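Enquirer: Coordinates in model.pdb, PDB, C-alpha atoms, pLDDT in the B column, are listed below.
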ATOM      1  CA  MET K   7       0.000   0.000   0.000  1.00 47.00           C
ATOM      2  CA  PRO K   8       1.457   3.423  -0.904  1.00 56.00           C
ATOM      3  CA  ARG K   9       2.315   5.788   1.911  1.00 56.00           C
ATOM      4  CA  LYS K  10       0.018   8.731   2.427  1.00 57.00           C
ATOM      5  CA  TYR K  11       1.550  12.097   3.280  1.00 59.00           C
ATOM      6  CA  THR K  12      -0.447  14.934   4.749  1.00 60.00           C
ATOM      7  CA  LYS K  13       1.012  18.356   4.081  1.00 78.00           C
ATOM      8  CA  VAL K  14       0.817  20.304   7.330  1.00 83.00           C
ATOM      9  CA  HIS K  15       4.191  22.061   7.351  1.00 86.00           C
ATOM     10  CA  ASP K  16       3.184  25.176   5.396  1.00 89.00           C
ATOM     11  CA  GLN K  17      -0.059  25.611   7.303  1.00 90.00           C
ATOM     12  CA  LEU K  18       1.758  25.252  10.633  1.00 91.00           C
ATOM     13  CA  LEU K  19       4.446  27.704   9.509  1.00 94.00           C
ATOM     14  CA  VAL K  20       1.886  30.375   8.633  1.00 94.00           C
ATOM     15  CA  ASP K  21       0.067  29.710  11.911  1.00 94.00           C
ATOM     16  CA  VAL K  22       3.291  30.139  13.926  1.00 95.00           C
ATOM     17  CA  LEU K  23       4.327  33.330  12.139  1.00 96.00           C
ATOM     18  CA  THR K  24       0.918  35.003  12.404  1.00 95.00           C
ATOM     19  CA  HIS K  25       0.598  33.964  16.064  1.00 95.00           C
ATOM     20  CA  PHE K  26       3.939  35.404  17.199  1.00 96.00           C
ATOM     21  CA  PHE K  27       4.504  38.309  14.764  1.00 96.00           C
ATOM     22  CA  LYS K  28       2.621  41.155  13.130  1.00 94.00           C
ATOM     23  CA  VAL K  29       1.662  40.649   9.504  1.00 91.00           C
ATOM     24  CA  GLY K  30       4.329  42.301   7.368  1.00 93.00           C
ATOM     25  CA  ASN K  31       7.114  41.475   9.846  1.00 95.00           C
ATOM     26  CA  PHE K  32       7.978  38.053   8.471  1.00 96.00           C
ATOM     27  CA  ILE K  33       9.098  36.351   5.277  1.00 95.00           C
ATOM     28  CA  ILE K  34       8.196  32.766   4.390  1.00 95.00           C
ATOM     29  CA  TYR K  35      10.924  30.635   2.769  1.00 93.00           C
ATOM     30  CA  PRO K  36      13.461  33.401   2.184  1.00 93.00           C
ATOM     31  CA  ARG K  37      16.663  32.720   0.272  1.00 92.00           C
ATOM     32  CA  VAL K  38      19.782  33.575   2.232  1.00 92.00           C
ATOM     33  CA  GLY K  39      23.529  33.459   1.681  1.00 87.00           C
ATOM     34  CA  ASN K  40      26.063  35.133  -0.521  1.00 83.00           C
ATOM     35  CA  LEU K  41      27.222  33.110  -3.530  1.00 82.00           C
ATOM     36  CA  LYS K  42      30.961  32.805  -4.192  1.00 83.00           C
ATOM     37  CA  LYS K  43      32.274  35.096  -6.915  1.00 85.00           C
ATOM     38  CA  GLU K  44      33.945  32.132  -8.694  1.00 87.00           C
ATOM     39  CA  PHE K  45      30.627  30.285  -8.743  1.00 84.00           C
ATOM     40  CA  VAL K  46      28.686  33.274 -10.086  1.00 81.00           C
ATOM     41  CA  ALA K  47      31.354  33.847 -12.759  1.00 86.00           C
ATOM     42  CA  SER K  48      30.802  30.315 -14.078  1.00 87.00           C
ATOM     43  CA  LEU K  49      27.062  30.862 -14.600  1.00 85.00           C
ATOM     44  CA  SER K  50      25.377  31.884 -17.809  1.00 86.00           C
ATOM     45  CA  PRO K  51      23.333  35.128 -17.781  1.00 83.00           C
ATOM     46  CA  GLU K  52      20.125  33.070 -17.521  1.00 85.00           C
ATOM     47  CA  GLU K  53      21.493  31.079 -14.570  1.00 83.00           C
ATOM     48  CA  LYS K  54      22.588  34.291 -12.821  1.00 77.00           C
ATOM     49  CA  ARG K  55      19.032  35.611 -12.987  1.00 77.00           C
ATOM     50  CA  ALA K  56      17.779  32.357 -11.485  1.00 80.00           C
ATOM     51  CA  ALA K  57      20.594  31.816  -8.960  1.00 77.00           C
ATOM     52  CA  SER K  58      18.423  31.689  -5.848  1.00 76.00           C
ATOM     53  CA  PRO K  59      18.114  27.852  -5.800  1.00 78.00           C
ATOM     54  CA  TRP K  60      21.796  27.687  -4.792  1.00 77.00           C
ATOM     55  CA  ARG K  61      21.182  29.720  -1.655  1.00 84.00           C
ATOM     56  CA  LEU K  62      19.955  28.383   1.699  1.00 90.00           C
ATOM     57  CA  ARG K  63      16.226  28.369   2.455  1.00 92.00           C
ATOM     58  CA  PRO K  64      15.043  28.601   6.076  1.00 94.00           C
ATOM     59  CA  ASP K  65      11.340  28.215   6.858  1.00 95.00           C
ATOM     60  CA  GLY K  66      10.960  31.812   7.926  1.00 95.00           C
ATOM     61  CA  PHE K  67      12.476  35.119   8.963  1.00 96.00           C
ATOM     62  CA  ALA K  68      10.689  37.487  11.320  1.00 97.00           C
ATOM     63  CA  TRP K  69      11.636  40.681  13.125  1.00 96.00           C
ATOM     64  CA  ASP K  70      10.497  43.216  15.661  1.00 94.00           C
ATOM     65  CA  GLU K  71      12.129  46.368  17.042  1.00 93.00           C
ATOM     66  CA  GLU K  72      14.823  44.480  18.989  1.00 94.00           C
ATOM     67  CA  LYS K  73      15.394  41.056  17.414  1.00 96.00           C
ATOM     68  CA  PHE K  74      15.643  39.204  14.135  1.00 97.00           C
ATOM     69  CA  TYR K  75      14.304  35.639  14.242  1.00 97.00           C
ATOM     70  CA  ILE K  76      15.327  32.697  12.088  1.00 97.00           C
ATOM     71  CA  ILE K  77      12.628  30.032  12.292  1.00 97.00           C
ATOM     72  CA  GLU K  78      12.633  26.343  11.408  1.00 95.00           C
ATOM     73  CA  LEU K  79       9.774  23.887  12.043  1.00 93.00           C
ATOM     74  CA  ILE K  80       9.735  20.261  13.083  1.00 88.00           C
ATOM     75  CA  VAL K  81       6.503  18.563  12.060  1.00 85.00           C
ATOM     76  CA  ARG K  82       7.605  14.964  12.487  1.00 79.00           C
ATOM     77  CA  PRO K  83       9.638  14.030  15.593  1.00 75.00           C
ATOM     78  CA  ASN K  84      12.639  12.628  13.687  1.00 77.00           C
ATOM     79  CA  GLU K  85      13.405  16.038  12.189  1.00 80.00           C
ATOM     80  CA  TRP K  86      15.279  17.143  15.337  1.00 78.00           C
ATOM     81  CA  TYR K  87      18.478  17.618  13.271  1.00 83.00           C
ATOM     82  CA  LYS K  88      17.075  20.923  11.971  1.00 87.00           C
ATOM     83  CA  TYR K  89      18.756  22.774  14.858  1.00 86.00           C
ATOM     84  CA  ALA K  90      22.008  22.424  12.877  1.00 89.00           C
ATOM     85  CA  LYS K  91      20.400  23.994   9.808  1.00 92.00           C
ATOM     86  CA  LEU K  92      19.478  27.018  11.922  1.00 93.00           C
ATOM     87  CA  ILE K  93      23.126  27.549  12.841  1.00 93.00           C
ATOM     88  CA  GLU K  94      24.084  27.615   9.142  1.00 94.00           C
ATOM     89  CA  TYR K  95      21.190  29.937   8.320  1.00 95.00           C
ATOM     90  CA  GLU K  96      22.418  32.389  10.958  1.00 95.00           C
ATOM     91  CA  LYS K  97      25.932  32.398   9.498  1.00 93.00           C
ATOM     92  CA  ALA K  98      24.567  32.947   5.978  1.00 93.00           C
ATOM     93  CA  PHE K  99      22.209  35.708   7.165  1.00 94.00           C
ATOM     94  CA  LYS K 100      25.080  37.652   8.743  1.00 92.00           C
ATOM     95  CA  ARG K 101      26.949  37.646   5.404  1.00 90.00           C
ATOM     96  CA  ASP K 102      23.991  38.353   3.128  1.00 89.00           C
ATOM     97  CA  PRO K 103      23.894  41.923   1.743  1.00 88.00           C
ATOM     98  CA  GLU K 104      20.185  41.559   0.979  1.00 89.00           C
ATOM     99  CA  TYR K 105      19.380  41.613   4.715  1.00 93.00           C
ATOM    100  CA  VAL K 106      21.945  44.239   5.796  1.00 93.00           C
ATOM    101  CA  LYS K 107      19.189  46.471   7.201  1.00 94.00           C
ATOM    102  CA  TYR K 108      18.554  43.787   9.878  1.00 95.00           C
ATOM    103  CA  HIS K 109      22.185  43.045  10.777  1.00 94.00           C
ATOM    104  CA  HIS K 110      22.142  45.494  13.693  1.00 95.00           C
ATOM    105  CA  LEU K 111      19.369  43.493  15.444  1.00 95.00           C
ATOM    106  CA  LYS K 112      20.129  40.678  17.890  1.00 96.00           C
ATOM    107  CA  THR K 113      19.582  37.320  16.163  1.00 96.00           C
ATOM    108  CA  GLU K 114      17.498  34.588  17.776  1.00 96.00           C
ATOM    109  CA  MET K 115      17.003  31.116  16.308  1.00 96.00           C
ATOM    110  CA  TRP K 116      13.747  29.221  16.912  1.00 96.00           C
ATOM    111  CA  LEU K 117      13.073  25.531  16.425  1.00 94.00           C
ATOM    112  CA  VAL K 118       9.290  25.115  16.634  1.00 94.00           C
ATOM    113  CA  SER K 119       7.563  21.783  17.200  1.00 89.00           C
ATOM    114  CA  PRO K 120       4.016  20.687  18.003  1.00 88.00           C
ATOM    115  CA  GLU K 121       5.396  18.054  20.396  1.00 84.00           C
ATOM    116  CA  ILE K 122       7.946  17.956  23.205  1.00 82.00           C
ATOM    117  CA  ASN K 123      11.122  16.462  21.789  1.00 80.00           C
ATOM    118  CA  GLU K 124      13.804  15.735  24.393  1.00 82.00           C
ATOM    119  CA  ILE K 125      16.626  15.270  21.892  1.00 80.00           C
ATOM    120  CA  ALA K 126      15.834  18.506  20.062  1.00 82.00           C
ATOM    121  CA  GLU K 127      15.431  20.423  23.327  1.00 85.00           C
ATOM    122  CA  ARG K 128      18.794  19.205  24.645  1.00 86.00           C
ATOM    123  CA  LEU K 129      20.625  20.051  21.419  1.00 85.00           C
ATOM    124  CA  CYS K 130      18.930  23.435  21.132  1.00 88.00           C
ATOM    125  CA  LYS K 131      19.980  24.325  24.658  1.00 91.00           C
ATOM    126  CA  GLU K 132      23.540  23.250  23.901  1.00 90.00           C
ATOM    127  CA  TYR K 133      23.807  25.351  20.715  1.00 91.00           C
ATOM    128  CA  GLY K 134      21.864  28.459  21.714  1.00 92.00           C
ATOM    129  CA  VAL K 135      18.688  27.731  19.775  1.00 94.00           C
ATOM    130  CA  LYS K 136      15.325  28.413  21.405  1.00 95.00           C
ATOM    131  CA  PHE K 137      13.009  25.373  21.356  1.00 93.00           C
ATOM    132  CA  ILE K 138       9.330  26.335  21.234  1.00 94.00           C
ATOM    133  CA  LYS K 139       6.398  23.944  21.573  1.00 92.00           C
ATOM    134  CA  TYR K 140       3.496  25.314  19.568  1.00 92.00           C
ATOM    135  CA  ALA K 141       0.547  23.003  18.975  1.00 88.00           C
ATOM    136  CA  PRO K 142      -2.637  24.515  17.588  1.00 87.00           C
ATOM    137  CA  SER K 143      -5.662  22.244  18.014  1.00 85.00           C
ATOM    138  CA  TRP K 144      -5.827  21.327  14.322  1.00 82.00           C
ATOM    139  CA  VAL K 145      -2.328  19.747  14.270  1.00 80.00           C
ATOM    140  CA  ILE K 146      -2.905  17.286  17.165  1.00 74.00           C
ATOM    141  CA  PRO K 147      -4.941  14.792  15.069  1.00 72.00           C
ATOM    142  CA  TYR K 148      -2.144  14.766  12.484  1.00 71.00           C
ATOM    143  CA  THR K 149       0.611  14.007  14.999  1.00 71.00           C
ATOM    144  CA  GLY K 150      -1.584  11.253  16.467  1.00 68.00           C
ATOM    145  CA  SER K 151      -2.086   9.731  13.007  1.00 70.00           C
ATOM    146  CA  LEU K 152       1.631   9.068  12.462  1.00 69.00           C
ATOM    147  CA  ARG K 153       2.828   5.466  12.597  1.00 63.00           C
ATOM    148  CA  LYS K 154       3.723   4.418  16.138  1.00 64.00           C
ATOM    149  CA  ARG K 155       7.456   4.295  15.357  1.00 59.00           C
ATOM    150  CA  ASP K 156       7.277   7.824  13.870  1.00 64.00           C
ATOM    151  CA  GLN K 157       5.523   9.384  16.868  1.00 59.00           C
ATOM    152  CA  ARG K 158       8.718   9.698  18.899  1.00 64.00           C
ATOM    153  CA  PRO K 159      12.215  10.430  17.676  1.00 63.00           C
ATOM    154  CA  SER K 160      14.766   7.643  17.430  1.00 63.00           C
ATOM    155  CA  GLY K 161      16.865   7.585  20.568  1.00 58.00           C
ATOM    156  CA  GLN K 162      14.299   9.277  22.806  1.00 60.00           C
ATOM    157  CA  SER K 163      13.852   6.092  24.855  1.00 58.00           C
ATOM    158  CA  LEU K 164      17.588   5.731  25.550  1.00 59.00           C
ATOM    159  CA  GLU K 165      19.163   6.712  28.828  1.00 63.00           C
ATOM    160  CA  SER K 166      20.500  10.257  28.779  1.00 62.00           C
ATOM    161  CA  ILE K 167      24.055  10.525  27.496  1.00 58.00           C
ATOM    162  CA  SER K 168      24.684  13.956  28.974  1.00 56.00           C
TER     163      SER K 168
END
The structure in this file should be written as structure tokens.

Expert:
Amino acid sequence: MPRKYTKVHDQLLVDVLTHFFKVGNFIIYPRVGNLKKEFVASLSPEEKRAASPWRLRPDGFAWDEEKFYIIELIVRPNEWYKYAKLIEYEKAFKRDPEYVKYHHLKTEMWLVSPEINEIAERLCKEYGVKFIKYAPSWVIPYTGSLRKRDQRPSGQSLESIS
């Protein structure tokens, strides 16, 4: 029987951004990073115009008067590795001339999940990423519909190694 996927990521992302930030103070799926000059030189004029696929793509950017937020979502528990992507997004953001008007703001990285995830929380704490549990009522039936082995991240049942 073919596997059935329910697309909830985009809906959850929009829900998170509109819950925590004013409309107009966030960008969904921005491209970030500065391409190497040698790489750009090797591209044709058409490829240069369409160069954004070679840049990094976080789930969202948001800002207020004091902070700039880089946001990544976990929808399924085994996606806890996304904390490492946030660290790379922050490095790319700080070098990107497109977002220079936000470089003076303090940067905060958010890993958002509808479920408590011990592995993700521990790693986020270790690397300075803020772990946020955000579970609107409509996402709970989806997380409960996952296969039993997909409802908790691999390694969550092991004794703590820290």

Enquirer: Have a look at K:Leu117, K:Ile93, K:Ala98, K:Ala126 and name the one nearest to Glu78 of chain K; count all atoms listed in the file.

Expert: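 Among K:Leu117, K:Ile93, K:Ala98, K:Ala126, it is K:Leu117 that comes nearest to Glu78 of chain K.
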
Enquirer: When you count only C-alpha atoms, which of these residues is closest to Lys28 of chain K: K:Tyr105, K:Trp144, K:Trp60, K:Trp69?

Expert: K:Trp69

Enquirer: If we count only C-alpha atoms, what is near Leu62 of chain K at a cut-off of 9 Å, once residues fewer than 5 positions away on the same chain are taken out, given as a ChimeraX atom specification?

Expert: /K:36-39,94-95,98

Enquirer: Give the padded box for segment 94-101 of chain K as lines of an AutoDock Vina configuration file: axis-aligned, covering all atoms listed in the file, 3 Å on each side, centre and edge lengths in Å to one decimal.

Expert:
center_x = 24.1
center_y = 32.6
center_z = 8.2
size_x = 11.8
size_y = 16.0
size_z = 11.6

Enquirer: Name the residues in contact with Thr149 of chain K at a cut-off of 9 Å, using only C-alpha atoms, excluding same-chain residues fewer than 2 positions from it; report them as a list in words.

Expert: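 Close residues of Thr149 of chain K: Val81, Arg82, Pro120, Glu121, Val145, Ile146, Pro147, Ser151, Leu152 and Gln157 of chain K.
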
Enquirer: Expressed in Å to a single decimal, how great is the separation between atom CA of Ala90 of chain K and atom CA of Arg61 of chain K?

Expert: 16.3 Å

Enquirer: Enumerate, as a list in words, the residues matched when the PyMOL selection byres ((chain K and resi 71) around 12) is run on the file above.

Expert: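 Selected by the PyMOL selection byres ((chain K and resi 71) around 12) in this file: Phe27, Lys28, Asn31, Ala68, Trp69, Asp70, Glu72, Lys73, Phe74, Tyr75, Tyr108, His110, Leu111, Lys112 and Thr113 of chain K.
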
Enquirer: Counting all atoms listed in the file, find residues at most 12 Å from (-0.6, 22.6, 10.2) (file frame) and give them as a PyMOL selection string.

Expert: chain K and resi 12-23+79-82+119-120+140-149

Enquirer: Could you tell me which of K:Ala57, K:Val118, K:Val29, K:Val106 comes closest to Lys88 of chain K if we count all atoms listed in the file?

Expert: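 Of the candidates, the smallest distance to Lys88 of chain K is held by K:Val118.
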
Enquirer: Please measure the separation of atom CA of Asp65 of chain K and atom CA of Lys131 of chain K, giving the value in Å to one decimal.

Expert: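 Rounded to one decimal, the two atoms are 20.2 Å apart.
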